[in-house]
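J.: Provided herewith: input07.pdb, PDB, C-alpha atoms.
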MODEL        1
ATOM      1  CA  MET A   1      51.855 -18.761 109.540
ATOM      2  CA  ARG A   2      49.280 -16.382 108.112
ATOM      3  CA  LEU A   3      47.485 -17.005 104.818
ATOM      4  CA  ALA A   4      47.837 -14.001 102.518
ATOM      5  CA  SER A   5      46.803 -13.264  98.950
ATOM      6  CA  VAL A   6      47.035 -10.874  96.062
ATOM      7  CA  LEU A   7      43.707 -10.337  94.288
ATOM      8  CA  THR A   8      43.274  -9.238  90.681
ATOM      9  CA  PRO A   9      41.135  -7.328  90.436
ATOM     10  CA  LEU A  10      40.905  -6.149  94.041
ATOM     11  CA  SER A  11      37.101  -6.194  94.127
ATOM     12  CA  ASP A  12      34.666  -6.624  96.995
ATOM     13  CA  HIS A  13      33.604  -9.942  95.466
ATOM     14  CA  HIS A  14      37.169 -11.279  95.488
ATOM     15  CA  LEU A  15      37.773  -9.894  98.964
ATOM     16  CA  ALA A  16      34.656 -11.667 100.237
ATOM     17  CA  LEU A  17      35.780 -14.961  98.701
ATOM     18  CA  ALA A  18      39.260 -14.606 100.210
ATOM     19  CA  ALA A  19      37.862 -13.823 103.652
ATOM     20  CA  GLN A  20      35.486 -16.789 103.439
ATOM     21  CA  CYS A  21      38.453 -19.063 102.660
ATOM     22  CA  GLY A  22      40.450 -17.917 105.693
ATOM     23  CA  VAL A  23      42.807 -15.349 104.160
ATOM     24  CA  GLU A  24      44.101 -12.917 106.799
ATOM     25  CA  GLU A  25      46.295 -10.475 104.848
ATOM     26  CA  ILE A  26      46.107  -8.897 101.409
ATOM     27  CA  THR A  27      49.005  -7.945  99.151
ATOM     28  CA  VAL A  28      48.545  -4.935  96.863
ATOM     29  CA  ARG A  29      50.615  -3.445  94.090
ATOM     30  CA  TYR A  30      52.301  -0.054  94.277
ATOM     31  CA  PRO A  31      49.536   2.509  94.927
ATOM     32  CA  GLY A  32      51.315   5.571  93.539
ATOM     33  CA  LEU A  33      52.637   8.720  95.150
ATOM     34  CA  GLU A  34      49.512   9.811  97.003
ATOM     35  CA  MET A  35      48.435   8.585 100.423
ATOM     36  CA  GLU A  36      44.677   8.668  99.969
ATOM     37  CA  PRO A  37      44.365   5.706  97.554
ATOM     38  CA  LEU A  38      46.374   3.567  99.957
ATOM     39  CA  LEU A  39      44.111   4.464 102.878
ATOM     40  CA  GLN A  40      41.014   3.799 100.774
ATOM     41  CA  THR A  41      42.343   0.365  99.813
ATOM     42  CA  LYS A  42      43.214  -0.404 103.435
ATOM     43  CA  ALA A  43      39.686   0.536 104.507
ATOM     44  CA  GLN A  44      38.130  -1.587 101.762
ATOM     45  CA  ILE A  45      40.149  -4.615 102.887
ATOM     46  CA  ALA A  46      39.330  -3.962 106.552
ATOM     47  CA  ARG A  47      35.597  -4.002 105.789
ATOM     48  CA  HIS A  48      36.043  -7.680 104.942
ATOM     49  CA  GLY A  49      37.864  -8.432 108.202
ATOM     50  CA  MET A  50      41.357  -8.627 106.712
ATOM     51  CA  LYS A  51      44.417  -6.388 106.860
ATOM     52  CA  LEU A  52      46.586  -4.807 104.202
ATOM     53  CA  GLY A  53      49.957  -6.335 105.015
ATOM     54  CA  ILE A  54      52.235  -6.212 101.967
ATOM     55  CA  ILE A  55      53.013  -3.975  99.011
ATOM     56  CA  GLU A  56      54.765  -5.591  96.057
ATOM     57  CA  GLY A  57      55.016  -5.102  92.326
ATOM     58  CA  TYR A  58      55.169  -2.144  89.939
ATOM     59  CA  LEU A  59      57.528  -0.268  92.274
ATOM     60  CA  PRO A  60      59.350   2.895  91.121
ATOM     61  CA  ILE A  61      62.846   1.375  91.292
ATOM     62  CA  GLU A  62      63.637   0.535  87.670
ATOM     63  CA  LYS A  63      66.086   3.426  87.253
ATOM     64  CA  LEU A  64      67.718   2.531  90.569
ATOM     65  CA  LYS A  65      68.407  -0.973  89.268
ATOM     66  CA  LEU A  66      70.143   0.391  86.197
ATOM     67  CA  GLY A  67      72.038   3.091  88.114
ATOM     68  CA  LYS A  68      70.286   5.842  86.153
ATOM     69  CA  ASP A  69      68.112   7.413  88.802
ATOM     70  CA  ASP A  70      67.984  11.208  88.774
ATOM     71  CA  GLY A  71      66.695  11.112  92.347
ATOM     72  CA  SER A  72      63.028  10.688  91.461
ATOM     73  CA  ASP A  73      62.870   6.947  92.085
ATOM     74  CA  MET A  74      64.638   7.245  95.430
ATOM     75  CA  ARG A  75      62.291  10.032  96.522
ATOM     76  CA  ALA A  76      59.286   7.952  95.463
ATOM     77  CA  MET A  77      60.531   4.923  97.388
ATOM     78  CA  LYS A  78      61.172   6.930 100.547
ATOM     79  CA  ARG A  79      57.736   8.471 100.240
ATOM     80  CA  LEU A  80      56.262   4.983  99.902
ATOM     81  CA  LEU A  81      58.027   3.835 103.082
ATOM     82  CA  GLU A  82      56.651   6.867 104.915
ATOM     83  CA  HIS A  83      53.132   6.132 103.687
ATOM     84  CA  MET A  84      53.454   2.467 104.645
ATOM     85  CA  SER A  85      54.403   3.488 108.171
ATOM     86  CA  GLU A  86      51.395   5.785 108.443
ATOM     87  CA  ALA A  87      49.114   3.026 107.134
ATOM     88  CA  GLU A  88      50.791   0.365 109.339
ATOM     89  CA  ILE A  89      51.854  -1.873 106.428
ATOM     90  CA  PRO A  90      54.959  -3.812 107.543
ATOM     91  CA  LEU A  91      56.309  -5.531 104.394
ATOM     92  CA  LEU A  92      57.612  -4.211 101.068
ATOM     93  CA  CYS A  93      58.458  -6.895  98.490
ATOM     94  CA  TYR A  94      60.778  -5.903  95.646
ATOM     95  CA  ASN A  95      63.032  -7.535  93.069
ATOM     96  CA  PHE A  96      66.238  -6.528  91.280
ATOM     97  CA  MET A  97      65.640  -7.754  87.728
ATOM     98  CA  ALA A  98      66.938  -4.944  85.526
ATOM     99  CA  GLY A  99      64.962  -3.775  82.521
ATOM    100  CA  THR A 100      62.249  -6.371  82.838
ATOM    101  CA  ASP A 101      60.398  -8.406  85.450
ATOM    102  CA  TRP A 102      59.169 -11.977  85.600
ATOM    103  CA  VAL A 103      59.033 -13.278  82.049
ATOM    104  CA  ARG A 104      57.397 -16.202  80.289
ATOM    105  CA  THR A 105      57.425 -17.521  76.736
ATOM    106  CA  LYS A 106      54.035 -19.238  76.951
ATOM    107  CA  LEU A 107      50.863 -18.271  78.799
ATOM    108  CA  ASP A 108      48.715 -21.280  77.907
ATOM    109  CA  ALA A 109      50.740 -24.395  78.693
ATOM    110  CA  ARG A 110      48.534 -27.283  79.800
ATOM    111  CA  GLU A 111      48.405 -28.616  83.324
ATOM    112  CA  ARG A 112      46.124 -31.173  84.991
ATOM    113  CA  GLY A 113      42.739 -31.445  83.326
ATOM    114  CA  GLY A 114      43.723 -28.901  80.685
ATOM    115  CA  ALA A 115      44.133 -25.990  83.098
ATOM    116  CA  LEU A 116      46.335 -23.227  81.684
ATOM    117  CA  VAL A 117      49.659 -22.240  83.250
ATOM    118  CA  THR A 118      52.566 -19.995  82.329
ATOM    119  CA  ALA A 119      55.825 -21.514  81.107
ATOM    120  CA  PHE A 120      59.317 -20.464  80.033
ATOM    121  CA  ASP A 121      61.746 -21.952  77.531
ATOM    122  CA  LEU A 122      65.071 -20.207  76.979
ATOM    123  CA  LYS A 123      65.121 -21.477  73.380
ATOM    124  CA  ASP A 124      62.120 -19.215  72.723
ATOM    125  CA  ALA A 125      63.508 -16.253  74.643
ATOM    126  CA  GLN A 126      63.094 -13.901  71.680
ATOM    127  CA  HIS A 127      59.345 -14.299  72.220
ATOM    128  CA  ALA A 128      59.503 -13.770  75.987
ATOM    129  CA  MET A 129      57.027 -11.370  77.516
ATOM    130  CA  SER A 130      57.401  -9.471  80.743
ATOM    131  CA  LEU A 131      54.334  -9.808  82.934
ATOM    132  CA  ASN A 132      54.956  -6.505  84.684
ATOM    133  CA  ALA A 133      53.526  -3.513  82.857
ATOM    134  CA  THR A 134      56.000  -1.063  84.415
ATOM    135  CA  ALA A 135      59.201  -2.814  83.375
ATOM    136  CA  ILE A 136      61.479  -0.638  81.269
ATOM    137  CA  GLN A 137      62.107  -3.254  78.548
ATOM    138  CA  ALA A 138      65.329  -1.414  77.695
ATOM    139  CA  GLY A 139      66.215  -2.721  74.228
ATOM    140  CA  GLY A 140      69.834  -3.733  73.681
ATOM    141  CA  GLU A 141      71.193  -2.000  76.770
ATOM    142  CA  THR A 142      73.378  -4.225  78.938
ATOM    143  CA  ILE A 143      74.414  -4.276  82.583
ATOM    144  CA  THR A 144      76.930  -6.496  84.369
ATOM    145  CA  ALA A 145      76.504  -8.434  87.585
ATOM    146  CA  ASP A 146      79.123  -6.257  89.292
ATOM    147  CA  ALA A 147      77.216  -3.139  88.316
ATOM    148  CA  LEU A 148      73.971  -4.606  89.632
ATOM    149  CA  TRP A 149      75.576  -5.444  92.981
ATOM    150  CA  THR A 150      76.961  -1.901  93.166
ATOM    151  CA  ASN A 151      73.552  -0.405  92.389
ATOM    152  CA  LEU A 152      71.817  -2.692  94.881
ATOM    153  CA  GLU A 153      74.253  -1.896  97.668
ATOM    154  CA  ARG A 154      73.927   1.816  96.955
ATOM    155  CA  MET A 155      70.126   1.614  96.988
ATOM    156  CA  LEU A 156      69.959  -0.358 100.228
ATOM    157  CA  ALA A 157      72.471   1.923 101.939
ATOM    158  CA  GLU A 158      69.996   4.762 101.491
ATOM    159  CA  LEU A 159      66.666   2.938 101.716
ATOM    160  CA  LEU A 160      67.258   0.574 104.649
ATOM    161  CA  PRO A 161      67.767   3.375 107.200
ATOM    162  CA  ALA A 162      64.474   4.848 106.015
ATOM    163  CA  ALA A 163      62.824   1.422 106.246
ATOM    164  CA  GLU A 164      64.114   1.014 109.800
ATOM    165  CA  LYS A 165      62.863   4.472 110.744
ATOM    166  CA  HIS A 166      59.393   3.703 109.403
ATOM    167  CA  GLY A 167      59.175   0.119 110.681
ATOM    168  CA  VAL A 168      59.022  -1.482 107.233
ATOM    169  CA  THR A 169      60.876  -4.664 106.277
ATOM    170  CA  MET A 170      62.168  -4.896 102.697
ATOM    171  CA  VAL A 171      61.996  -8.443 101.333
ATOM    172  CA  MET A 172      63.849  -9.368  98.151
ATOM    173  CA  HIS A 173      62.141 -11.622  95.607
ATOM    174  CA  PRO A 174      64.347 -13.902  93.460
ATOM    175  CA  ASP A 175      64.893 -13.364  89.745
ATOM    176  CA  ASP A 176      62.253 -15.208  87.727
ATOM    177  CA  PRO A 177      63.604 -17.095  85.908
ATOM    178  CA  PRO A 178      66.861 -17.180  87.918
ATOM    179  CA  LEU A 179      69.215 -17.078  84.937
ATOM    180  CA  ALA A 180      72.767 -15.690  84.908
ATOM    181  CA  GLU A 181      71.571 -13.095  82.392
ATOM    182  CA  PHE A 182      68.525 -12.290  80.302
ATOM    183  CA  ALA A 183      68.247 -10.019  77.258
ATOM    184  CA  GLY A 184      71.842  -8.906  77.723
ATOM    185  CA  LYS A 185      71.339  -7.920  81.362
ATOM    186  CA  ALA A 186      72.940  -9.853  84.192
ATOM    187  CA  ARG A 187      70.842 -11.229  87.019
ATOM    188  CA  ILE A 188      72.130 -11.547  90.559
ATOM    189  CA  MET A 189      69.251 -12.807  92.726
ATOM    190  CA  ASN A 190      69.569 -16.218  91.108
ATOM    191  CA  SER A 191      71.192 -18.503  93.714
ATOM    192  CA  VAL A 192      70.999 -19.356  97.398
ATOM    193  CA  GLU A 193      74.565 -18.105  97.836
ATOM    194  CA  ASN A 194      73.667 -14.708  96.383
ATOM    195  CA  PHE A 195      70.783 -14.381  98.816
ATOM    196  CA  GLU A 196      73.256 -15.037 101.614
ATOM    197  CA  ARG A 197      75.449 -12.313 100.110
ATOM    198  CA  LEU A 198      72.433  -9.986 100.119
ATOM    199  CA  MET A 199      71.936 -10.644 103.815
ATOM    200  CA  ARG A 200      75.584  -9.785 104.436
ATOM    201  CA  LEU A 201      75.144  -6.373 102.784
ATOM    202  CA  SER A 202      73.307  -5.254 105.892
ATOM    203  CA  PRO A 203      72.765  -6.946 109.266
ATOM    204  CA  SER A 204      69.465  -5.072 109.684
ATOM    205  CA  ARG A 205      66.390  -7.222 110.328
ATOM    206  CA  HIS A 206      64.674  -4.894 107.865
ATOM    207  CA  ASN A 207      66.798  -6.509 105.133
ATOM    208  CA  ALA A 208      65.063  -9.832 104.468
ATOM    209  CA  ILE A 209      63.913 -12.417 101.938
ATOM    210  CA  CYS A 210      60.727 -13.220 100.081
ATOM    211  CA  PHE A 211      61.081 -16.979  99.682
ATOM    212  CA  CYS A 212      59.437 -17.724  96.341
ATOM    213  CA  GLN A 213      59.400 -21.511  96.324
ATOM    214  CA  GLY A 214      58.944 -21.895  92.584
ATOM    215  CA  THR A 215      61.913 -19.701  91.773
ATOM    216  CA  PHE A 216      64.193 -21.414  94.276
ATOM    217  CA  ALA A 217      63.040 -24.724  92.783
ATOM    218  CA  GLU A 218      64.095 -23.420  89.347
ATOM    219  CA  MET A 219      67.558 -22.852  90.843
ATOM    220  CA  GLY A 220      67.698 -26.562  91.661
ATOM    221  CA  ALA A 221      67.588 -25.889  95.397
ATOM    222  CA  ASP A 222      66.309 -28.482  97.862
ATOM    223  CA  ILE A 223      63.327 -26.498  99.127
ATOM    224  CA  PRO A 224      62.978 -27.763 102.726
ATOM    225  CA  ALA A 225      66.767 -27.659 103.236
ATOM    226  CA  THR A 226      66.989 -24.137 101.801
ATOM    227  CA  ILE A 227      64.153 -22.899 104.015
ATOM    228  CA  ARG A 228      66.142 -24.125 107.014
ATOM    229  CA  ARG A 229      69.380 -22.677 105.612
ATOM    230  CA  LEU A 230      67.964 -19.167 105.145
ATOM    231  CA  GLY A 231      65.913 -19.490 108.314
ATOM    232  CA  PRO A 232      65.108 -16.228 110.117
ATOM    233  CA  HIS A 233      65.869 -14.131 107.029
ATOM    234  CA  ILE A 234      62.635 -15.412 105.432
ATOM    235  CA  ARG A 235      59.855 -12.970 106.283
ATOM    236  CA  TYR A 236      57.402 -13.537 103.412
ATOM    237  CA  VAL A 237      56.601 -16.608 101.305
ATOM    238  CA  HIS A 238      55.297 -17.148  97.781
ATOM    239  CA  PHE A 239      54.007 -20.714  97.990
ATOM    240  CA  ARG A 240      54.116 -22.318  94.536
ATOM    241  CA  ASP A 241      55.826 -25.010  92.510
ATOM    242  CA  VAL A 242      57.203 -25.595  89.009
ATOM    243  CA  ARG A 243      58.283 -28.545  86.926
ATOM    244  CA  GLY A 244      61.655 -28.046  85.213
ATOM    245  CA  ASN A 245      64.646 -25.761  85.711
ATOM    246  CA  ALA A 246      65.646 -22.138  85.153
ATOM    247  CA  GLU A 247      66.027 -22.626  81.389
ATOM    248  CA  CYS A 248      62.802 -24.547  80.793
ATOM    249  CA  PHE A 249      59.907 -24.895  83.222
ATOM    250  CA  ALA A 250      56.151 -24.701  83.647
ATOM    251  CA  GLU A 251      54.004 -23.793  86.632
ATOM    252  CA  THR A 252      52.002 -26.526  88.353
ATOM    253  CA  PHE A 253      49.034 -26.846  90.640
ATOM    254  CA  HIS A 254      50.257 -26.517  94.209
ATOM    255  CA  ASP A 255      49.673 -30.223  94.804
ATOM    256  CA  ASN A 256      50.941 -31.466  91.434
ATOM    257  CA  GLY A 257      54.613 -30.486  91.219
ATOM    258  CA  PRO A 258      57.864 -32.222  92.188
ATOM    259  CA  THR A 259      58.423 -30.377  95.483
ATOM    260  CA  ASP A 260      57.404 -32.102  98.710
ATOM    261  CA  MET A 261      55.043 -29.353  99.857
ATOM    262  CA  VAL A 262      54.344 -31.068 103.173
ATOM    263  CA  ALA A 263      58.067 -31.130 103.946
ATOM    264  CA  ALA A 264      58.320 -27.476 102.883
ATOM    265  CA  MET A 265      55.498 -26.456 105.221
ATOM    266  CA  ARG A 266      57.090 -28.453 108.018
ATOM    267  CA  ALA A 267      60.363 -26.588 107.410
ATOM    268  CA  TYR A 268      58.596 -23.234 107.799
ATOM    269  CA  ARG A 269      57.200 -24.458 111.095
ATOM    270  CA  ASP A 270      60.624 -25.640 112.223
ATOM    271  CA  ILE A 271      62.304 -22.263 111.574
ATOM    272  CA  GLY A 272      59.532 -20.532 113.502
ATOM    273  CA  PHE A 273      58.127 -18.703 110.497
ATOM    274  CA  THR A 274      55.004 -16.772 111.507
ATOM    275  CA  GLY A 275      54.727 -14.341 108.605
ATOM    276  CA  PRO A 276      52.401 -14.062 105.625
ATOM    277  CA  MET A 277      52.375 -16.761 102.964
ATOM    278  CA  ARG A 278      50.474 -16.392  99.713
ATOM    279  CA  PRO A 279      49.719 -18.691  96.800
ATOM    280  CA  ASP A 280      51.359 -17.522  93.601
ATOM    281  CA  HIS A 281      50.957 -18.117  89.866
ATOM    282  CA  VAL A 282      47.898 -20.332  90.041
ATOM    283  CA  PRO A 283      46.545 -22.256  87.027
ATOM    284  CA  GLN A 284      43.664 -20.744  85.077
ATOM    285  CA  LEU A 285      40.671 -23.039  85.422
ATOM    286  CA  ASP A 286      37.909 -23.639  82.913
ATOM    287  CA  GLY A 287      36.096 -20.382  82.100
ATOM    288  CA  GLU A 288      38.912 -18.091  83.273
ATOM    289  CA  GLU A 289      40.901 -18.020  80.038
ATOM    290  CA  GLU A 290      40.521 -14.252  79.661
ATOM    291  CA  GLY A 291      41.917 -13.511  83.115
ATOM    292  CA  GLU A 292      45.386 -12.289  84.063
ATOM    293  CA  PRO A 293      47.781 -15.238  83.582
ATOM    294  CA  GLY A 294      48.714 -16.753  86.935
ATOM    295  CA  TYR A 295      46.348 -14.538  88.908
ATOM    296  CA  THR A 296      42.812 -15.772  88.295
ATOM    297  CA  MET A 297      40.516 -16.524  91.199
ATOM    298  CA  MET A 298      39.264 -20.104  91.019
ATOM    299  CA  GLY A 299      42.768 -21.566  91.073
ATOM    300  CA  ARG A 300      43.499 -19.309  94.015
ATOM    301  CA  LEU A 301      40.510 -20.706  95.917
ATOM    302  CA  PHE A 302      41.881 -24.222  95.418
ATOM    303  CA  ALA A 303      45.287 -23.056  96.687
ATOM    304  CA  TYR A 304      43.807 -21.463  99.817
ATOM    305  CA  GLY A 305      42.221 -24.737 100.905
ATOM    306  CA  TYR A 306      45.327 -26.762 100.114
ATOM    307  CA  MET A 307      47.598 -24.389 102.010
ATOM    308  CA  ARG A 308      45.306 -24.136 105.045
ATOM    309  CA  GLY A 309      45.196 -27.915 105.240
ATOM    310  CA  LEU A 310      48.998 -28.136 105.173
ATOM    311  CA  ILE A 311      49.402 -25.361 107.750
ATOM    312  CA  GLN A 312      46.941 -26.958 110.166
ATOM    313  CA  SER A 313      48.502 -30.380 109.647
ATOM    314  CA  VAL A 314      52.060 -29.331 110.490
ATOM    315  CA  GLN A 315      50.999 -27.048 113.329
ATOM    316  CA  SER A 316      48.930 -29.766 114.958
ATOM    317  CA  GLY A 317      51.638 -32.403 114.533
ATOM    318  CA  LEU A 318      49.459 -34.700 112.430
ATOM    319  CA  PRO A 319      51.306 -37.298 110.328
ATOM    320  CA  SER A 320      51.919 -36.232 106.734
ATOM    321  CA  SER A 321      50.711 -39.526 105.274
ATOM    322  CA  PRO A 322      48.426 -42.395 106.320
ATOM    323  CA  ILE A 323      49.924 -44.978 108.654
TER     324      ILE A 323
ENDMDL
END
Would you mind giving the structure from this file in structure tokens?
T.:
Amino acid sequence: MRLASVLTPLSDHHLALAAQCGVEEITVRYPGLEMEPLLQTKAQIARHGMKLGIIEGYLPIEKLKLGKDDGSDMRAMKRLLEHMSEAEIPLLCYNFMAGTDWVRTKLDARERGGALVTAFDLKDAQHAMSLNATAIQAGGETITADALWTNLERMLAELLPAAEKHGVTMVMHPDDPPLAEFAGKARIMNSVENFERLMRLSPSRHNAICFCQGTFAEMGADIPATIRRLGPHIRYVHFRDVRGNAECFAETFHDNGPTDMVAAMRAYRDIGFTGPMRPDHVPQLDGEEEGEPGYTMMGRLFAYGYMRGLIQSVQSGLPSSPI
């Protein structure tokens, strides 16, 4: 298992802190259509002894989700896969939430010691905010689950051969929150069974899963059992936890939620997972209130140490609790 991280902003200071804490791979958001910014970012990361391993977020696929692409999104995605091959970046993380992205109704819920976390309550959905600046936010437009499956299958039929050609694995992130529908638009990546259906769409090893623990927990899934169930299809992990369910939940510190994180890490070991794993949606600690919700640095530093301790414990075979 390799410790990975997204950094906001991606500064030399944050890169130095991540490297000092044992991070090996960095996740970056969509770099745009040109190759040069991607190579510059890769070089910046390499100067700190880490590699650029994953691209996720802000991808040009919103029109593909809605079945309204005029060809521009598909061309942009194929160009991205080509650039990732040239830059030797093996993983592309995407989601299939139509018209929006991950949403929350509260950005300052209180966690341990007064730390701030994001939260969602379906009763306040009219106040929900998408935390992805590129989401379409398409008003009253609707789309059915059947249409989403059709659009997804069509997209993968064209993109997966390109991904295979360029040596890139596409990993699907769950819907967050994993509701049946949101704002009049169906959601389909909202259950373990639907992820198994996704895997059946193509037998290619380049068709894989980003196992976001918090989102699967919102589904009510038993996390260690689900890790074992999805097994080799898991190629990337978002290591986090929540308290609640898909209709009402709040983020937690990595060590302060209901999931048995030791058992989860042991399950990754047991399925032979050796890919990148990054902390996600960390609490904002004192003094970071003006930072990007879920992506501030001090909470991330805490998560790095916690995750490294768990990884070393399960890999060395140490007992998970005192005897």
J.: Show me, as a ChimeraX atom specification, the residues that have an atom within 9 Å of Met50 (chain A) when counting all atoms listed in the file, minus same-chain residues fewer than 4 positions from it.
T.: /A:15,19,23-26,45-46
J.: Rounded to one decimal, what separation in Å do you get between CA of Thr150 (chain A) and CA of Ser191 (chain A)?
T.: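 CA of Ser191 (chain A) lies at a distance of 17.6 Å from CA of Thr150 (chain A).
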J.: In Å, rounded to a single decimal, give me how far CA of Ile311 (chain A) is from CA of Arg240 (chain A).
T.: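 So the two atoms, CA of Arg240 (chain A) and CA of Ile311 (chain A), lie 14.4 Å apart.
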J.: As a check of understanding, name the residues that the PyMOL selection byres ((chain A and resi 227) around 9) selects in the supplied structure, as a VMD selection string.
T.: chain A and resid 211 222 to 226 228 to 231 234 264 267 to 268 271
J.: Would you put the residues from that selection into a file with C-alpha atoms, as a compact mmCIF listing (two decimals), in the frame of the given file?
T.:
# COMPACT_ATOMS: atom_id res chain seq x y z
CA PHE A 211 61.08 -16.98 99.68
CA ASP A 222 66.31 -28.48 97.86
CA ILE A 223 63.33 -26.50 99.13
CA PRO A 224 62.98 -27.76 102.73
CA ALA A 225 66.77 -27.66 103.24
CA THR A 226 66.99 -24.14 101.80
CA ARG A 228 66.14 -24.12 107.01
CA ARG A 229 69.38 -22.68 105.61
CA LEU A 230 67.96 -19.17 105.14
CA GLY A 231 65.91 -19.49 108.31
CA ILE A 234 62.64 -15.41 105.43
CA ALA A 264 58.32 -27.48 102.88
CA ALA A 267 60.36 -26.59 107.41
CA TYR A 268 58.60 -23.23 107.80
CA ILE A 271 62.30 -22.26 111.57
J.: List as CSV every residue of region 224-308 of chain A that is in contact with region 101-113 of chain A, defined as an atom at most 9 Å from one of its atoms (using only C-alpha atoms), together with the nearest atom pair and the distance in Å rounded to one decimal, sorted by chain and then rising number.
T.:
residue,atom,partner,partner_atom,distance
A:Ala250,CA,A:Ala109,CA,7.3
A:Glu251,CA,A:Glu111,CA,8.1
A:Thr252,CA,A:Glu111,CA,6.5
A:Phe253,CA,A:Glu111,CA,7.6
A:Asn256,CA,A:Arg112,CA,8.0
A:Pro283,CA,A:Glu111,CA,7.6
A:Gln284,CA,A:Asp108,CA,8.8
A:Leu285,CA,A:Gly113,CA,8.9
A:Glu289,CA,A:Asp108,CA,8.7
A:Pro293,CA,A:Leu107,CA,6.4
A:Gly294,CA,A:Leu107,CA,8.6
J.: Restricting the calculation to all atoms listed in the file, which member of A:Val117, A:Leu39, A:Ala147, A:Ala263 is positioned closest to Ala186 (chain A)?
T.: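 For Ala186 (chain A), the nearest of the candidates is A:Ala147.
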J.: Care to translate the PyMOL selection byres ((chain A and resi 35) around 12) into actual residues of this file, as a PyMOL selection string?
T.: chain A and resi 30-34+36-42+76+79-87
J.: Please, could you write that set of residues out with C-alpha atoms as an mmCIF file, in the coordinates of the input?
T.:
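The resulting file, part.cif, is shown below:
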data_model
loop_
_atom_site.group_PDB
_atom_site.id
_atom_site.type_symbol
_atom_site.label_atom_id
_atom_site.label_comp_id
_atom_site.auth_asym_id
_atom_site.auth_seq_id
_atom_site.Cartn_x
_atom_site.Cartn_y
_atom_site.Cartn_z
ATOM 1 C CA TYR A 30 52.301 -0.054 94.277
ATOM 2 C CA PRO A 31 49.536 2.509 94.927
ATOM 3 C CA GLY A 32 51.315 5.571 93.539
ATOM 4 C CA LEU A 33 52.637 8.720 95.150
ATOM 5 C CA GLU A 34 49.512 9.811 97.003
ATOM 6 C CA GLU A 36 44.677 8.668 99.969
ATOM 7 C CA PRO A 37 44.365 5.706 97.554
ATOM 8 C CA LEU A 38 46.374 3.567 99.957
ATOM 9 C CA LEU A 39 44.111 4.464 102.878
ATOM 10 C CA GLN A 40 41.014 3.799 100.774
ATOM 11 C CA THR A 41 42.343 0.365 99.813
ATOM 12 C CA LYS A 42 43.214 -0.404 103.435
ATOM 13 C CA ALA A 76 59.286 7.952 95.463
ATOM 14 C CA ARG A 79 57.736 8.471 100.240
ATOM 15 C CA LEU A 80 56.262 4.983 99.902
ATOM 16 C CA LEU A 81 58.027 3.835 103.082
ATOM 17 C CA GLU A 82 56.651 6.867 104.915
ATOM 18 C CA HIS A 83 53.132 6.132 103.687
ATOM 19 C CA MET A 84 53.454 2.467 104.645
ATOM 20 C CA SER A 85 54.403 3.488 108.171
ATOM 21 C CA GLU A 86 51.395 5.785 108.443
ATOM 22 C CA ALA A 87 49.114 3.026 107.134
#
J.: Apply the PyMOL selection byres ((chain A and resi 278) around 7) to the displayed file and report the matching residues as a PyMOL selection string.
T.: chain A and resi 3-5+237-239+276-277+279-280
J.: Would you mind reading off the distance between CA of Val6 (chain A) and CA of Met307 (chain A), one decimal, in Å?
T.: 14.8 Å
J.: Hey, what's within 9 Å of Glu153 (chain A) if we count only C-alpha atoms and toss same-chain stuff fewer than 6 positions away? As a list of chain:residue names, please?
T.: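 Once the adjacent positions are removed, what remains is A:Leu198, A:Leu201, A:Ser202.
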